[in-house]
file run-v5.txt (compact mmCIF, N, CA and C atoms)
# COMPACT_ATOMS: atom_id res chain seq x y z
N MET A 1 22.32 34.60 -2.70
CA MET A 1 21.80 33.84 -3.83
C MET A 1 21.15 32.56 -3.29
N SER A 2 19.95 32.27 -3.75
CA SER A 2 19.24 31.07 -3.30
C SER A 2 19.71 29.85 -4.08
N ILE A 3 19.39 28.68 -3.56
CA ILE A 3 19.74 27.44 -4.26
C ILE A 3 19.10 27.41 -5.64
N PHE A 4 17.89 27.95 -5.77
CA PHE A 4 17.21 27.93 -7.06
C PHE A 4 17.86 28.89 -8.06
N ASP A 5 18.43 29.99 -7.59
CA ASP A 5 19.19 30.86 -8.48
C ASP A 5 20.40 30.11 -9.03
N SER A 6 21.09 29.39 -8.16
CA SER A 6 22.25 28.60 -8.59
C SER A 6 21.83 27.49 -9.54
N LEU A 7 20.71 26.84 -9.26
CA LEU A 7 20.24 25.75 -10.11
C LEU A 7 19.80 26.23 -11.48
N ARG A 8 19.29 27.43 -11.55
CA ARG A 8 18.88 27.95 -12.86
C ARG A 8 20.10 28.05 -13.78
N ALA A 9 21.23 28.44 -13.23
CA ALA A 9 22.47 28.51 -14.01
C ALA A 9 23.07 27.12 -14.21
N GLY A 10 22.75 26.21 -13.30
CA GLY A 10 23.29 24.85 -13.36
C GLY A 10 24.43 24.70 -12.36
N ILE A 11 24.45 23.57 -11.70
CA ILE A 11 25.49 23.27 -10.72
C ILE A 11 26.16 21.97 -11.14
N THR A 12 27.48 21.96 -11.12
CA THR A 12 28.25 20.76 -11.44
C THR A 12 28.78 20.16 -10.15
N THR A 13 28.66 18.84 -10.02
CA THR A 13 29.15 18.15 -8.84
C THR A 13 30.18 17.11 -9.27
N HIS A 14 31.04 16.76 -8.32
CA HIS A 14 32.10 15.80 -8.59
C HIS A 14 32.05 14.61 -7.65
N SER A 15 31.00 14.54 -6.82
CA SER A 15 30.88 13.42 -5.89
C SER A 15 29.42 13.26 -5.48
N ALA A 16 29.13 12.08 -4.95
CA ALA A 16 27.78 11.82 -4.43
C ALA A 16 27.48 12.78 -3.28
N ALA A 17 28.47 13.05 -2.45
CA ALA A 17 28.26 13.96 -1.31
C ALA A 17 27.86 15.36 -1.79
N GLU A 18 28.45 15.83 -2.86
CA GLU A 18 28.08 17.15 -3.40
C GLU A 18 26.65 17.14 -3.92
N MET A 19 26.26 16.07 -4.62
CA MET A 19 24.88 15.97 -5.12
C MET A 19 23.90 15.95 -3.94
N GLN A 20 24.25 15.21 -2.91
CA GLN A 20 23.38 15.12 -1.75
C GLN A 20 23.30 16.45 -1.00
N ALA A 21 24.36 17.22 -1.01
CA ALA A 21 24.34 18.54 -0.37
C ALA A 21 23.39 19.49 -1.11
N ILE A 22 23.34 19.39 -2.43
CA ILE A 22 22.40 20.19 -3.21
C ILE A 22 20.97 19.80 -2.84
N ALA A 23 20.72 18.51 -2.75
CA ALA A 23 19.39 18.04 -2.36
C ALA A 23 19.01 18.55 -0.97
N ALA A 24 19.97 18.56 -0.06
CA ALA A 24 19.71 19.06 1.29
C ALA A 24 19.36 20.55 1.26
N ALA A 25 20.05 21.31 0.41
CA ALA A 25 19.75 22.74 0.29
C ALA A 25 18.34 22.94 -0.26
N ILE A 26 17.94 22.11 -1.20
CA ILE A 26 16.57 22.20 -1.73
C ILE A 26 15.57 21.84 -0.64
N ALA A 27 15.87 20.82 0.15
CA ALA A 27 14.98 20.45 1.26
C ALA A 27 14.78 21.63 2.21
N ARG A 28 15.85 22.33 2.50
CA ARG A 28 15.74 23.50 3.38
C ARG A 28 14.90 24.60 2.71
N ALA A 29 15.07 24.77 1.41
CA ALA A 29 14.35 25.83 0.69
C ALA A 29 12.85 25.56 0.62
N ILE A 30 12.46 24.29 0.59
CA ILE A 30 11.03 23.98 0.49
C ILE A 30 10.43 23.62 1.85
N ALA A 31 11.22 23.69 2.90
CA ALA A 31 10.72 23.38 4.25
C ALA A 31 9.53 24.28 4.57
N GLY A 32 8.55 23.71 5.21
CA GLY A 32 7.37 24.46 5.58
C GLY A 32 6.21 24.30 4.61
N ARG A 33 6.49 23.85 3.41
CA ARG A 33 5.39 23.57 2.49
C ARG A 33 4.70 22.29 2.96
N THR A 34 3.43 22.22 2.83
CA THR A 34 2.72 21.01 3.27
C THR A 34 2.86 19.87 2.28
N GLU A 35 3.21 20.20 1.03
CA GLU A 35 3.45 19.17 0.02
C GLU A 35 4.30 19.77 -1.09
N SER A 36 5.16 18.94 -1.64
CA SER A 36 6.03 19.37 -2.73
C SER A 36 6.29 18.18 -3.64
N THR A 37 6.46 18.46 -4.92
CA THR A 37 6.83 17.43 -5.88
C THR A 37 8.10 17.87 -6.59
N LEU A 38 9.07 16.97 -6.62
CA LEU A 38 10.30 17.18 -7.36
C LEU A 38 10.32 16.17 -8.49
N ALA A 39 10.40 16.64 -9.72
CA ALA A 39 10.45 15.78 -10.90
C ALA A 39 11.90 15.75 -11.38
N LEU A 40 12.51 14.55 -11.32
CA LEU A 40 13.91 14.40 -11.67
C LEU A 40 14.04 13.78 -13.05
N HIS A 41 14.55 14.57 -13.99
CA HIS A 41 14.75 14.14 -15.37
C HIS A 41 16.21 13.76 -15.56
N GLY A 42 16.47 12.73 -16.33
CA GLY A 42 17.86 12.37 -16.64
C GLY A 42 17.99 10.91 -16.97
N ASP A 43 19.03 10.59 -17.70
CA ASP A 43 19.29 9.21 -18.10
C ASP A 43 19.70 8.36 -16.90
N LEU A 44 19.83 7.07 -17.14
CA LEU A 44 20.32 6.16 -16.11
C LEU A 44 21.70 6.63 -15.64
N GLY A 45 21.90 6.58 -14.34
CA GLY A 45 23.21 6.89 -13.78
C GLY A 45 23.52 8.35 -13.59
N THR A 46 22.55 9.23 -13.75
CA THR A 46 22.83 10.66 -13.63
C THR A 46 22.75 11.17 -12.19
N GLY A 47 22.32 10.33 -11.26
CA GLY A 47 22.32 10.74 -9.86
C GLY A 47 20.96 10.98 -9.24
N LYS A 48 19.90 10.51 -9.88
CA LYS A 48 18.55 10.76 -9.36
C LYS A 48 18.35 10.12 -7.98
N THR A 49 18.77 8.88 -7.82
CA THR A 49 18.61 8.22 -6.53
C THR A 49 19.57 8.81 -5.50
N THR A 50 20.77 9.16 -5.91
CA THR A 50 21.73 9.81 -5.00
C THR A 50 21.14 11.12 -4.50
N PHE A 51 20.54 11.88 -5.39
CA PHE A 51 19.87 13.13 -5.01
C PHE A 51 18.79 12.83 -3.97
N THR A 52 17.98 11.82 -4.23
CA THR A 52 16.87 11.49 -3.33
C THR A 52 17.39 11.06 -1.96
N GLN A 53 18.51 10.37 -1.91
CA GLN A 53 19.12 9.97 -0.64
C GLN A 53 19.48 11.21 0.19
N GLY A 54 20.06 12.21 -0.46
CA GLY A 54 20.42 13.44 0.24
C GLY A 54 19.20 14.19 0.74
N LEU A 55 18.16 14.23 -0.08
CA LEU A 55 16.92 14.89 0.32
C LEU A 55 16.31 14.17 1.52
N ALA A 56 16.28 12.84 1.45
CA ALA A 56 15.70 12.04 2.55
C ALA A 56 16.43 12.32 3.86
N ARG A 57 17.74 12.29 3.82
CA ARG A 57 18.51 12.54 5.05
C ARG A 57 18.23 13.94 5.58
N ALA A 58 18.10 14.90 4.68
CA ALA A 58 17.88 16.29 5.10
C ALA A 58 16.53 16.49 5.76
N ILE A 59 15.55 15.66 5.43
CA ILE A 59 14.24 15.80 6.07
C ILE A 59 14.07 14.84 7.23
N GLY A 60 15.16 14.18 7.62
CA GLY A 60 15.14 13.36 8.83
C GLY A 60 14.85 11.89 8.63
N ILE A 61 14.88 11.41 7.40
CA ILE A 61 14.64 9.98 7.16
C ILE A 61 15.97 9.26 7.32
N GLN A 62 15.99 8.29 8.22
CA GLN A 62 17.23 7.59 8.54
C GLN A 62 17.38 6.27 7.80
N GLU A 63 16.26 5.68 7.37
CA GLU A 63 16.34 4.37 6.70
C GLU A 63 17.01 4.51 5.34
N PRO A 64 17.60 3.43 4.84
CA PRO A 64 18.25 3.49 3.53
C PRO A 64 17.25 3.81 2.42
N VAL A 65 17.68 4.61 1.46
CA VAL A 65 16.87 4.96 0.30
C VAL A 65 17.56 4.37 -0.93
N THR A 66 16.84 3.48 -1.60
CA THR A 66 17.35 2.88 -2.83
C THR A 66 16.34 3.13 -3.94
N SER A 67 16.74 2.85 -5.15
CA SER A 67 15.84 3.06 -6.28
C SER A 67 14.66 2.11 -6.19
N PRO A 68 13.44 2.62 -6.32
CA PRO A 68 12.26 1.75 -6.25
C PRO A 68 11.84 1.20 -7.62
N THR A 69 12.79 1.01 -8.52
CA THR A 69 12.48 0.61 -9.89
C THR A 69 11.50 -0.56 -9.97
N PHE A 70 11.76 -1.63 -9.25
CA PHE A 70 10.91 -2.81 -9.38
C PHE A 70 9.63 -2.71 -8.57
N GLY A 71 9.64 -1.96 -7.49
CA GLY A 71 8.43 -1.75 -6.71
C GLY A 71 7.65 -0.53 -7.14
N ILE A 72 8.16 0.22 -8.05
CA ILE A 72 7.61 1.45 -8.62
C ILE A 72 7.70 2.63 -7.63
N PHE A 73 7.25 2.46 -6.39
CA PHE A 73 7.41 3.54 -5.42
C PHE A 73 7.67 2.98 -4.04
N THR A 74 8.30 3.82 -3.22
CA THR A 74 8.58 3.48 -1.83
C THR A 74 8.14 4.64 -0.97
N LEU A 75 7.50 4.32 0.13
CA LEU A 75 7.08 5.32 1.11
C LEU A 75 8.06 5.29 2.26
N HIS A 76 8.64 6.44 2.57
CA HIS A 76 9.54 6.59 3.71
C HIS A 76 8.85 7.54 4.68
N ARG A 77 8.38 7.01 5.78
CA ARG A 77 7.69 7.85 6.77
C ARG A 77 8.72 8.58 7.62
N GLY A 78 8.49 9.88 7.76
CA GLY A 78 9.37 10.70 8.57
C GLY A 78 8.56 11.69 9.39
N GLU A 79 9.23 12.40 10.23
CA GLU A 79 8.60 13.44 11.04
C GLU A 79 9.41 14.72 10.87
N PRO A 80 8.82 15.77 10.46
CA PRO A 80 7.39 15.97 10.24
C PRO A 80 6.94 15.67 8.81
N VAL A 81 7.87 15.27 7.94
CA VAL A 81 7.54 15.08 6.53
C VAL A 81 7.81 13.64 6.11
N SER A 82 6.95 13.09 5.26
CA SER A 82 7.18 11.77 4.67
C SER A 82 7.62 11.96 3.22
N LEU A 83 8.36 10.96 2.74
CA LEU A 83 8.87 11.00 1.38
C LEU A 83 8.27 9.85 0.58
N VAL A 84 7.70 10.18 -0.58
CA VAL A 84 7.23 9.17 -1.52
C VAL A 84 8.19 9.22 -2.69
N HIS A 85 8.88 8.11 -2.93
CA HIS A 85 9.91 8.03 -3.99
C HIS A 85 9.36 7.16 -5.11
N LEU A 86 9.07 7.78 -6.23
CA LEU A 86 8.46 7.11 -7.39
C LEU A 86 9.48 6.97 -8.51
N ASP A 87 9.59 5.78 -9.06
CA ASP A 87 10.42 5.54 -10.23
C ASP A 87 9.48 5.07 -11.34
N ALA A 88 9.16 5.96 -12.27
CA ALA A 88 8.17 5.66 -13.31
C ALA A 88 8.78 5.01 -14.54
N TYR A 89 10.02 4.57 -14.47
CA TYR A 89 10.72 4.02 -15.63
C TYR A 89 9.94 2.88 -16.29
N ARG A 90 9.36 1.99 -15.49
CA ARG A 90 8.67 0.83 -16.05
C ARG A 90 7.20 1.09 -16.36
N LEU A 91 6.72 2.30 -16.12
CA LEU A 91 5.33 2.62 -16.42
C LEU A 91 5.19 3.10 -17.86
N GLU A 92 4.07 2.78 -18.46
CA GLU A 92 3.82 3.22 -19.83
C GLU A 92 3.00 4.49 -19.88
N ASN A 93 2.20 4.72 -18.83
CA ASN A 93 1.37 5.93 -18.79
C ASN A 93 0.89 6.19 -17.37
N ALA A 94 0.33 7.36 -17.16
CA ALA A 94 -0.10 7.78 -15.83
C ALA A 94 -1.27 6.95 -15.30
N ARG A 95 -2.06 6.37 -16.18
CA ARG A 95 -3.19 5.55 -15.71
C ARG A 95 -2.73 4.38 -14.86
N GLN A 96 -1.55 3.88 -15.13
CA GLN A 96 -1.03 2.77 -14.34
C GLN A 96 -0.79 3.16 -12.88
N LEU A 97 -0.59 4.44 -12.62
CA LEU A 97 -0.41 4.90 -11.24
C LEU A 97 -1.68 4.72 -10.43
N GLU A 98 -2.83 4.83 -11.07
CA GLU A 98 -4.10 4.66 -10.35
C GLU A 98 -4.18 3.28 -9.72
N ASP A 99 -3.69 2.26 -10.42
CA ASP A 99 -3.71 0.90 -9.89
C ASP A 99 -2.80 0.74 -8.68
N LEU A 100 -1.79 1.58 -8.57
CA LEU A 100 -0.86 1.50 -7.44
C LEU A 100 -1.39 2.17 -6.18
N MET A 101 -2.45 2.95 -6.32
CA MET A 101 -3.07 3.69 -5.21
C MET A 101 -2.06 4.60 -4.50
N ILE A 102 -1.14 5.16 -5.25
CA ILE A 102 -0.12 6.03 -4.67
C ILE A 102 -0.73 7.28 -4.04
N GLU A 103 -1.85 7.73 -4.59
CA GLU A 103 -2.48 8.94 -4.05
C GLU A 103 -2.90 8.77 -2.59
N ASP A 104 -3.13 7.52 -2.16
CA ASP A 104 -3.46 7.27 -0.76
C ASP A 104 -2.34 7.70 0.18
N PHE A 105 -1.11 7.76 -0.35
CA PHE A 105 0.04 8.13 0.47
C PHE A 105 0.43 9.59 0.32
N LEU A 106 -0.23 10.29 -0.56
CA LEU A 106 0.09 11.69 -0.80
C LEU A 106 -0.79 12.60 0.03
N ARG A 107 -0.66 12.46 1.33
CA ARG A 107 -1.39 13.31 2.26
C ARG A 107 -0.37 14.21 2.96
N PRO A 108 -0.65 15.51 3.02
CA PRO A 108 0.31 16.41 3.65
C PRO A 108 0.62 15.99 5.09
N PRO A 109 1.82 16.21 5.54
CA PRO A 109 2.93 16.77 4.78
C PRO A 109 3.75 15.67 4.10
N TYR A 110 4.09 15.88 2.86
CA TYR A 110 4.88 14.90 2.12
C TYR A 110 5.72 15.62 1.06
N ILE A 111 6.73 14.92 0.63
CA ILE A 111 7.49 15.31 -0.55
C ILE A 111 7.45 14.12 -1.49
N LEU A 112 7.08 14.36 -2.73
CA LEU A 112 7.11 13.32 -3.76
C LEU A 112 8.30 13.59 -4.65
N VAL A 113 9.16 12.58 -4.79
CA VAL A 113 10.26 12.65 -5.74
C VAL A 113 9.93 11.66 -6.85
N ALA A 114 9.80 12.16 -8.07
CA ALA A 114 9.43 11.33 -9.22
C ALA A 114 10.59 11.24 -10.19
N GLU A 115 11.14 10.02 -10.32
CA GLU A 115 12.15 9.77 -11.34
C GLU A 115 11.43 9.37 -12.62
N TRP A 116 11.95 9.77 -13.75
CA TRP A 116 11.35 9.52 -15.07
C TRP A 116 9.94 10.14 -15.15
N PRO A 117 9.78 11.40 -14.76
CA PRO A 117 8.45 12.02 -14.73
C PRO A 117 7.79 12.16 -16.10
N GLU A 118 8.61 12.15 -17.16
CA GLU A 118 8.03 12.28 -18.51
C GLU A 118 7.12 11.11 -18.84
N ARG A 119 7.28 9.98 -18.19
CA ARG A 119 6.43 8.81 -18.44
C ARG A 119 5.03 8.99 -17.86
N VAL A 120 4.91 9.89 -16.88
CA VAL A 120 3.62 10.12 -16.23
C VAL A 120 3.34 11.63 -16.15
N ALA A 121 3.73 12.33 -17.20
CA ALA A 121 3.69 13.80 -17.21
C ALA A 121 2.34 14.38 -16.82
N GLU A 122 1.26 13.77 -17.30
CA GLU A 122 -0.06 14.34 -16.99
C GLU A 122 -0.44 14.16 -15.52
N TRP A 123 0.28 13.36 -14.81
CA TRP A 123 0.00 13.10 -13.40
C TRP A 123 0.82 14.01 -12.48
N ILE A 124 1.91 14.56 -12.99
CA ILE A 124 2.79 15.42 -12.19
C ILE A 124 2.09 16.77 -11.97
N PRO A 125 2.05 17.25 -10.72
CA PRO A 125 1.38 18.54 -10.45
C PRO A 125 2.03 19.69 -11.22
N ARG A 126 1.23 20.67 -11.56
CA ARG A 126 1.71 21.83 -12.32
C ARG A 126 2.82 22.59 -11.60
N ASP A 127 2.75 22.60 -10.26
CA ASP A 127 3.74 23.38 -9.50
C ASP A 127 4.97 22.57 -9.11
N ALA A 128 5.16 21.42 -9.74
CA ALA A 128 6.33 20.59 -9.45
C ALA A 128 7.62 21.34 -9.79
N ILE A 129 8.65 21.01 -9.06
CA ILE A 129 9.98 21.54 -9.32
C ILE A 129 10.67 20.54 -10.24
N HIS A 130 10.96 20.95 -11.47
CA HIS A 130 11.59 20.06 -12.45
C HIS A 130 13.10 20.30 -12.47
N LEU A 131 13.84 19.23 -12.23
CA LEU A 131 15.30 19.29 -12.22
C LEU A 131 15.84 18.33 -13.28
N TRP A 132 16.83 18.79 -14.04
CA TRP A 132 17.45 17.98 -15.08
C TRP A 132 18.86 17.61 -14.62
N LEU A 133 19.14 16.31 -14.61
CA LEU A 133 20.43 15.80 -14.20
C LEU A 133 21.13 15.19 -15.41
N SER A 134 22.46 15.38 -15.47
CA SER A 134 23.22 14.84 -16.59
C SER A 134 24.65 14.53 -16.14
N ILE A 135 25.36 13.78 -17.00
CA ILE A 135 26.75 13.44 -16.74
C ILE A 135 27.60 14.06 -17.85
N GLY A 136 28.68 14.71 -17.43
CA GLY A 136 29.60 15.31 -18.40
C GLY A 136 30.64 14.31 -18.87
N PRO A 137 31.40 14.68 -19.90
CA PRO A 137 32.43 13.80 -20.44
C PRO A 137 33.51 13.45 -19.42
N ASP A 138 33.69 14.30 -18.41
CA ASP A 138 34.69 14.04 -17.38
C ASP A 138 34.11 13.29 -16.18
N GLU A 139 32.89 12.75 -16.35
CA GLU A 139 32.17 12.00 -15.31
C GLU A 139 31.62 12.90 -14.20
N SER A 140 31.70 14.21 -14.36
CA SER A 140 31.05 15.11 -13.41
C SER A 140 29.55 15.04 -13.66
N HIS A 141 28.78 15.40 -12.66
CA HIS A 141 27.32 15.40 -12.77
C HIS A 141 26.84 16.85 -12.70
N SER A 142 25.80 17.14 -13.45
CA SER A 142 25.22 18.49 -13.43
C SER A 142 23.75 18.39 -13.08
N ILE A 143 23.27 19.44 -12.43
CA ILE A 143 21.85 19.53 -12.09
C ILE A 143 21.39 20.95 -12.40
N GLN A 144 20.23 21.04 -13.04
CA GLN A 144 19.72 22.35 -13.45
C GLN A 144 18.21 22.39 -13.26
N TRP A 145 17.74 23.57 -12.82
CA TRP A 145 16.30 23.82 -12.68
C TRP A 145 15.90 24.68 -13.88
N ARG A 146 14.86 24.22 -14.61
CA ARG A 146 14.39 24.99 -15.77
C ARG A 146 12.96 25.39 -15.57

call {"tool": "encode", "arguments": {"input": "run-v5.txt", "output": "structure tokens"}}
result
Amino acid sequence: MSIFDSLRAGITTHSAAEMQAIAAAIARAIAGRTESTLALHGDLGTGKTTFTQGLARAIGIQEPVTSPTFGIFTLHRGEPVSLVHLDAYRLENARQLEDLMIEDFLRPPYILVAEWPERVAEWIPRDAIHLWLSIGPDESHSIQWR
């Protein structure tokens, strides 16, 4: 069973390490693509940045990964893949991304992780992998691919 088969049914995690392991499995599954976009949907505190930290480590990025909320996006250069981490929470529409010149950094090979993608939906590529993150009543976290 592939990670995406498991994600379609939904995976529940009970720790940051488990969430990061899922992200690492996704990194392995998309390895070899020259570019990929992951759109992370979910409320505050559902684990979007924790997921991105696990993905970054899995693709060889050693520097700390934090939420780019105030800077809107952060570029993490890696070999052979770079990570562009976008937090669109403070954006009102996709046109605002043009002013940031983020496309200058989207040269293969890269992975783009977009938090709050619904704010810039028309800018997200059609082939993006959309993941929904949530928190259960017992404080467990869930992640699902739809």

call {"tool": "residues_around", "arguments": {"input": "run-v5.txt", "residues": "Ala39 in chain A", "least_positions_apart": "3", "cutoff": "7 Å", "atoms": "only C-alpha atoms", "output": "list in words"}}
result
Val113, Ala114, Glu115, Pro117, Ala128, Ile129, His130 and Leu131 of chain A

call {"tool": "closest_atom_pairs", "arguments": {"input": "run-v5.txt", "of": "range 68-90 of chain A", "to": "range 42-59 of chain A", "cutoff": "6.5 Å", "atoms": "only N, CA and C atoms", "output": "tab-separated table"}}
result
residue	atom	partner	partner_atom	distance
A:Gly78	CA	A:Ile59	C	6.4
A:Glu79	C	A:Ile59	C	5.9
A:Pro80	N	A:Ile59	C	6.2
A:Val81	N	A:Ile59	C	6.3

call {"tool": "closest_residue", "arguments": {"input": "run-v5.txt", "among": "A:Ile3, A:Met19, A:Ala9, A:Ser36", "to": "His141 in chain A", "atoms": "all atoms listed in the file"}}
result
A:Met19

call {"tool": "atom_distance", "arguments": {"input": "run-v5.txt", "atom1": "CA of Arg28 in chain A", "atom2": "atom N of Gly60 in chain A"}}
result
10.3 Å

call {"tool": "closest_residue", "arguments": {"input": "run-v5.txt", "among": "A:Ile124, A:Val65, A:Asp138, A:Leu133", "to": "Ala94 in chain A", "atoms": "only C-alpha atoms"}}
result
A:Ile124

call {"tool": "select_by_dssp", "arguments": {"input": "run-v5.txt", "residues": "chain A", "states": "strand (DSSP E or B)", "output": "ChimeraX atom specification"}}
result
/A:11-13,35-41,73-76,82-87,110-115,129-135,141-145

call {"tool": "select_by_dssp", "arguments": {"input": "run-v5.txt", "residues": "chain A", "states": "alpha helix (DSSP H)", "output": "VMD selection string"}}
result
chain A and resid 3 to 9 16 to 30 48 to 58 95 to 100

call {"tool": "residues_around", "arguments": {"input": "run-v5.txt", "residues": "Tyr110 in chain A", "least_positions_apart": "2", "cutoff": "6 Å", "atoms": "only C-alpha atoms", "output": "number ranges by chain"}}
result
A: 35, 81-83, 108

call {"tool": "atom_distance", "arguments": {"input": "run-v5.txt", "atom1": "atom C of Leu86 in chain A", "atom2": "atom N of Ser2 in chain A"}}
result
27.8 Å

call {"tool": "atom_distance", "arguments": {"input": "run-v5.txt", "atom1": "CA of Ser134 in chain A", "atom2": "atom N of Ala31 in chain A"}}
result
24.5 Å

call {"tool": "residues_around", "arguments": {"input": "run-v5.txt", "residues": "His85 in chain A", "least_positions_apart": "2", "cutoff": "6 Å", "atoms": "all atoms listed in the file", "output": "JSON, numbers by chain"}}
result
{"A": [72, 73, 74, 75, 76, 83, 87, 112, 113, 114]}

call {"tool": "closest_residue", "arguments": {"input": "run-v5.txt", "among": "A:Ile11, A:Leu91, A:Ile102, A:Ala25", "to": "Gly136 in chain A", "atoms": "only C-alpha atoms"}}
result
A:Ile11

call {"tool": "axis_aligned_box", "arguments": {"input": "run-v5.txt", "around": "range 94-98 of chain A", "padding_each_side": "6 Å", "output": "lines of an AutoDock Vina configuration file"}}
result
center_x = -1.9
center_y = 5.3
center_z = -13.4
size_x = 16.5
size_y = 17.0
size_z = 19.4

call {"tool": "closest_residue", "arguments": {"input": "run-v5.txt", "among": "A:Arg126, A:Asp5, A:Thr13, A:Glu18", "to": "Ile143 in chain A", "atoms": "only N, CA and C atoms"}}
result
A:Thr13

call {"tool": "closest_residue", "arguments": {"input": "run-v5.txt", "among": "A:Arg77, A:Thr37, A:Ser15, A:Val84", "to": "Pro125 in chain A", "atoms": "all atoms listed in the file"}}
result
A:Thr37

call {"tool": "closest_residue", "arguments": {"input": "run-v5.txt", "among": "A:Pro137, A:Asn93, A:Glu103, A:Pro64", "to": "Glu122 in chain A", "atoms": "only N, CA and C atoms"}}
result
A:Asn93

call {"tool": "residues_around", "arguments": {"input": "run-v5.txt", "residues": "Glu92 in chain A", "least_positions_apart": "5", "cutoff": "8 Å", "atoms": "all atoms listed in the file", "output": "list in words"}}
result
Leu97, Glu118, Arg119 and Val120 of chain A
